[in-house]
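Peer 1: Here you go, one structure.
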Amino acid sequence: MTRGLWVTFEGGDGSGKTTQATLLEIWLRNQGCSVVRTREPGGTEVGVLVRDIVLHHRGEVAPRAEALLYAADRAQHIATLVRPALERGEIVVQDRYLDSSVAYQGAGRVLDADEIRDLSLWAAEGALPDVTVLLDLDPAAARSRLNAADKPFDRLEAEQSEFHERVRAAFLELAASDPHRFLVLDATLPAAELAAAIRARLAPLLA
Ligand code: TYD
């Protein structure tokens, strides 16, 4: 089967994923690549509805319900958008994937991390990215970036600092357990330097 290339960006809120995904998308397009830029939650029409619940619902959402909502978004996203694009040989540049579920719903919300991972893998029929860029940032630094951005916090951004510390530790643990897939970068580096490191990791895969 002809297959494209699948790159995901992970990291805490305010770590600069969107900036780096955008820089990568521009560079890939300049190389003449066909790129699908997407995100979770919310990469499909169904996903946009799910995103509104998980990020903006005002009442309680039980941890297992939250985990299933992210998994539902993921199932729809992979089946209808990501897998078809990869089968067409395109490059998928994606903000967040199952590592976010393991980190946020697993470590953050104290559900079992392996169960969360298995749930996501079931939802996505086992699909895993070729490369996952983890932008690692101390939650205190992330918080001052978010404050400076002056946007209202969503449900997860509004969590306490220990929650974000657990999320960060979980991301680093995931990366350490799969060094082949992960590229871990210090998110305090200048954006141009981070972008160059990401390009260097991907260039050999584009041939
Ligand atoms: P994000 O996509 O970073 O949105 P924005 O940049 O607009 O703030 O935020 C989505 C939030 O959803 C983020 O706080 C992490 C959370 N999340 C999970 O808890 N589990 C998941 O599986 C995913 C994909 C995201």
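Numbering starts fresh at 1 for the residues of each chain in the structure tokens, the chains themselves are lettered A, B, ... in the order given, and ligands are numbered from 1 as they appear.
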Could you report the residues within 9 Å of ligand 1, using only C-alpha atoms and all ligand atoms, as number ranges by chain?
Peer 2: A: 10-18, 39-42, 51, 54-55, 66-67, 69-71, 73-74, 95-105, 108-109, 120, 153-158
Peer 1: Quick one: residues within 7 Å of A:Phe182, only C-alpha atoms, excluding same-chain residues fewer than 6 positions away - as a PDB file with C-alpha atoms, in the first residue's frame?
Peer 2:
ATOM      1  CA  VAL A 131       6.839  10.762  14.115  1.00  0.00           C
ATOM      2  CA  THR A 132       5.521  12.452  17.245  1.00  0.00           C
ATOM      3  CA  VAL A 133       7.066  15.776  18.203  1.00  0.00           C
ATOM      4  CA  LEU A 134       6.828  16.421  21.946  1.00  0.00           C
ATOM      5  CA  ALA A 175       8.508   9.515  24.863  1.00  0.00           C
TER       6      ALA A 175
END
Peer 1: Determine which residues of stretch 13-146 of chain A DSSP labels as strand (DSSP E) from the backbone of this structure, then write them out as a ChimeraX atom specification.
Peer 2: /A:35-39,91-95,131-136
Peer 1: Can I get the selection written as a short mmCIF file (atom, residue, chain, number, x, y, z; two decimals), in the first residue's frame, with all heavy atoms?
Peer 2:
data_model
loop_
_atom_site.label_atom_id
_atom_site.label_comp_id
_atom_site.auth_asym_id
_atom_site.auth_seq_id
_atom_site.Cartn_x
_atom_site.Cartn_y
_atom_site.Cartn_z
N VAL A 35 -0.28 18.34 1.81
CA VAL A 35 -0.37 18.28 3.27
C VAL A 35 -1.82 18.37 3.74
O VAL A 35 -2.59 19.19 3.24
CB VAL A 35 0.40 19.45 3.92
CG1 VAL A 35 0.35 19.38 5.44
CG2 VAL A 35 1.85 19.48 3.44
N VAL A 36 -2.18 17.52 4.70
CA VAL A 36 -3.46 17.65 5.39
C VAL A 36 -3.15 18.11 6.81
O VAL A 36 -2.45 17.43 7.54
CB VAL A 36 -4.23 16.31 5.43
CG1 VAL A 36 -5.46 16.42 6.31
CG2 VAL A 36 -4.61 15.88 4.03
N ARG A 37 -3.62 19.29 7.14
CA ARG A 37 -3.38 19.82 8.48
C ARG A 37 -4.63 19.59 9.32
O ARG A 37 -5.72 20.00 8.91
CB ARG A 37 -3.08 21.32 8.35
CG ARG A 37 -2.99 22.08 9.62
CD ARG A 37 -1.72 21.74 10.39
NE ARG A 37 -1.77 22.33 11.70
CZ ARG A 37 -1.56 23.61 11.96
NH1 ARG A 37 -1.26 24.44 10.99
NH2 ARG A 37 -1.65 24.07 13.19
N THR A 38 -4.49 18.95 10.47
CA THR A 38 -5.68 18.64 11.25
C THR A 38 -5.38 18.61 12.74
O THR A 38 -4.24 18.86 13.14
CB THR A 38 -6.29 17.32 10.73
OG1 THR A 38 -7.53 17.09 11.39
CG2 THR A 38 -5.37 16.13 10.97
N ARG A 39 -6.40 18.32 13.54
CA ARG A 39 -6.19 18.33 14.99
C ARG A 39 -7.21 17.44 15.70
O ARG A 39 -8.26 17.12 15.15
CB ARG A 39 -6.33 19.74 15.53
CG ARG A 39 -7.77 20.25 15.45
CD ARG A 39 -7.89 21.56 16.18
NE ARG A 39 -9.23 22.12 16.06
CZ ARG A 39 -9.59 23.28 16.59
NH1 ARG A 39 -8.71 23.99 17.25
NH2 ARG A 39 -10.81 23.73 16.46
N ILE A 91 0.77 13.90 3.35
CA ILE A 91 1.42 14.09 4.65
C ILE A 91 0.39 14.69 5.61
O ILE A 91 -0.21 15.72 5.31
CB ILE A 91 2.65 15.00 4.54
CG1 ILE A 91 3.65 14.38 3.55
CG2 ILE A 91 3.29 15.22 5.91
CD1 ILE A 91 4.92 15.16 3.39
N VAL A 92 0.18 14.02 6.72
CA VAL A 92 -0.77 14.51 7.72
C VAL A 92 0.01 15.16 8.86
O VAL A 92 0.89 14.54 9.46
CB VAL A 92 -1.66 13.36 8.26
CG1 VAL A 92 -2.57 13.87 9.37
CG2 VAL A 92 -2.47 12.74 7.12
N VAL A 93 -0.29 16.44 9.08
CA VAL A 93 0.33 17.20 10.19
C VAL A 93 -0.78 17.46 11.20
O VAL A 93 -1.74 18.18 10.91
CB VAL A 93 0.93 18.53 9.68
CG1 VAL A 93 1.47 19.36 10.85
CG2 VAL A 93 2.04 18.25 8.67
N GLN A 94 -0.66 16.87 12.36
CA GLN A 94 -1.78 16.82 13.29
C GLN A 94 -1.41 17.34 14.69
O GLN A 94 -0.44 16.89 15.28
CB GLN A 94 -2.25 15.36 13.37
CG GLN A 94 -3.38 15.11 14.32
CD GLN A 94 -3.87 13.69 14.22
OE1 GLN A 94 -3.77 13.03 13.17
NE2 GLN A 94 -4.41 13.18 15.30
N ASP A 95 -2.23 18.25 15.21
CA ASP A 95 -2.12 18.70 16.61
C ASP A 95 -2.79 17.64 17.48
O ASP A 95 -4.00 17.44 17.37
CB ASP A 95 -2.90 20.00 16.81
CG ASP A 95 -2.10 21.25 16.49
OD1 ASP A 95 -1.26 21.18 15.59
OD2 ASP A 95 -2.35 22.28 17.14
N VAL A 131 6.02 9.92 13.23
CA VAL A 131 6.84 10.76 14.11
C VAL A 131 5.90 11.56 15.02
O VAL A 131 4.90 12.10 14.57
CB VAL A 131 7.71 11.76 13.31
CG1 VAL A 131 8.47 12.70 14.24
CG2 VAL A 131 8.68 11.01 12.40
N THR A 132 6.25 11.61 16.30
CA THR A 132 5.52 12.45 17.24
C THR A 132 6.50 13.45 17.86
O THR A 132 7.49 13.05 18.47
CB THR A 132 4.88 11.59 18.35
OG1 THR A 132 3.92 10.71 17.74
CG2 THR A 132 4.17 12.46 19.39
N VAL A 133 6.21 14.72 17.65
CA VAL A 133 7.07 15.78 18.20
C VAL A 133 6.48 16.18 19.56
O VAL A 133 5.33 16.61 19.63
CB VAL A 133 7.10 17.01 17.27
CG1 VAL A 133 7.95 18.11 17.89
CG2 VAL A 133 7.60 16.62 15.88
N LEU A 134 7.27 16.00 20.61
CA LEU A 134 6.83 16.42 21.95
C LEU A 134 7.52 17.74 22.30
O LEU A 134 8.75 17.79 22.39
CB LEU A 134 7.17 15.35 22.99
CG LEU A 134 6.90 15.75 24.45
CD1 LEU A 134 5.44 16.11 24.68
CD2 LEU A 134 7.33 14.62 25.40
N LEU A 135 6.72 18.78 22.46
CA LEU A 135 7.26 20.08 22.87
C LEU A 135 7.14 20.16 24.38
O LEU A 135 6.04 20.35 24.93
CB LEU A 135 6.50 21.20 22.17
CG LEU A 135 6.71 21.23 20.65
CD1 LEU A 135 5.76 22.20 19.98
CD2 LEU A 135 8.15 21.58 20.30
N ASP A 136 8.27 19.96 25.03
CA ASP A 136 8.27 19.84 26.48
C ASP A 136 8.44 21.20 27.14
O ASP A 136 9.37 21.93 26.80
CB ASP A 136 9.41 18.90 26.90
CG ASP A 136 9.50 18.80 28.41
OD1 ASP A 136 8.46 18.51 29.04
OD2 ASP A 136 10.60 19.04 28.96
#
Peer 1: Please determine, counting only C-alpha atoms, which residue among A:Arg201, A:Arg143, A:Lys151, A:Arg3 has the shortest atom-to-atom distance to A:Glu165.
Peer 2: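 Counting only C-alpha atoms, the residue closest to A:Glu165 is A:Arg143.
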Peer 1: Need the shell around A:Thr80: protein/DNA/RNA residues with any atom at most 12 Å away, counting only C-alpha atoms. Skip same-chain ones fewer than 2 positions apart. Format as a list in words?
Peer 2: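 Counting only C-alpha atoms, the residues come to Gly43, Thr44, Glu45, Val46, Gly47, Asp73, Arg74, Ala75, Gln76, His77, Ile78, Val82, Arg83, Pro84, Ala85, Leu86, Glu87 and Ala124 of chain A.
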Peer 1: Would you mind telling me which residue in A:Val48, A:Cys33, A:Leu111, A:Leu24 lies nearest to A:Ala65 when using only C-alpha atoms?
Peer 2: A:Leu111
Peer 1: Restricting the calculation to only C-alpha atoms: of A:Ala187, A:Ala72, A:Ala149, A:Glu162, which residue gets closest to A:Ala123?
Peer 2: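 Checking each of A:Ala187, A:Ala72, A:Ala149, A:Glu162 against A:Ala123, counting only C-alpha atoms, the winner is A:Ala72.
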Peer 1: Here is a test: counting only C-alpha atoms, which residue of A:Val50, A:Asp186, A:Pro139, A:Gly32 is nearest to A:Ser161?
Peer 2: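 Under the stated criterion, the closest residue is A:Pro139.
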Peer 1: Would you compute the distance between atom CA of A:Trp27 and atom CA of A:Asp130? Give it in Å to one decimal.
Peer 2: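 We find that atom CA of A:Trp27 and atom CA of A:Asp130 lie 18.0 Å from each other.
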Peer 1: For each of A:Leu128, A:Leu206, A:Leu81, A:Leu28, take the minimum atom-to-atom distance to A:Asp178, counting only C-alpha atoms, then give the residue where this is smallest.
Peer 2: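 Of A:Leu128, A:Leu206, A:Leu81, A:Leu28, the one nearest A:Asp178, counting only C-alpha atoms, is A:Leu128.
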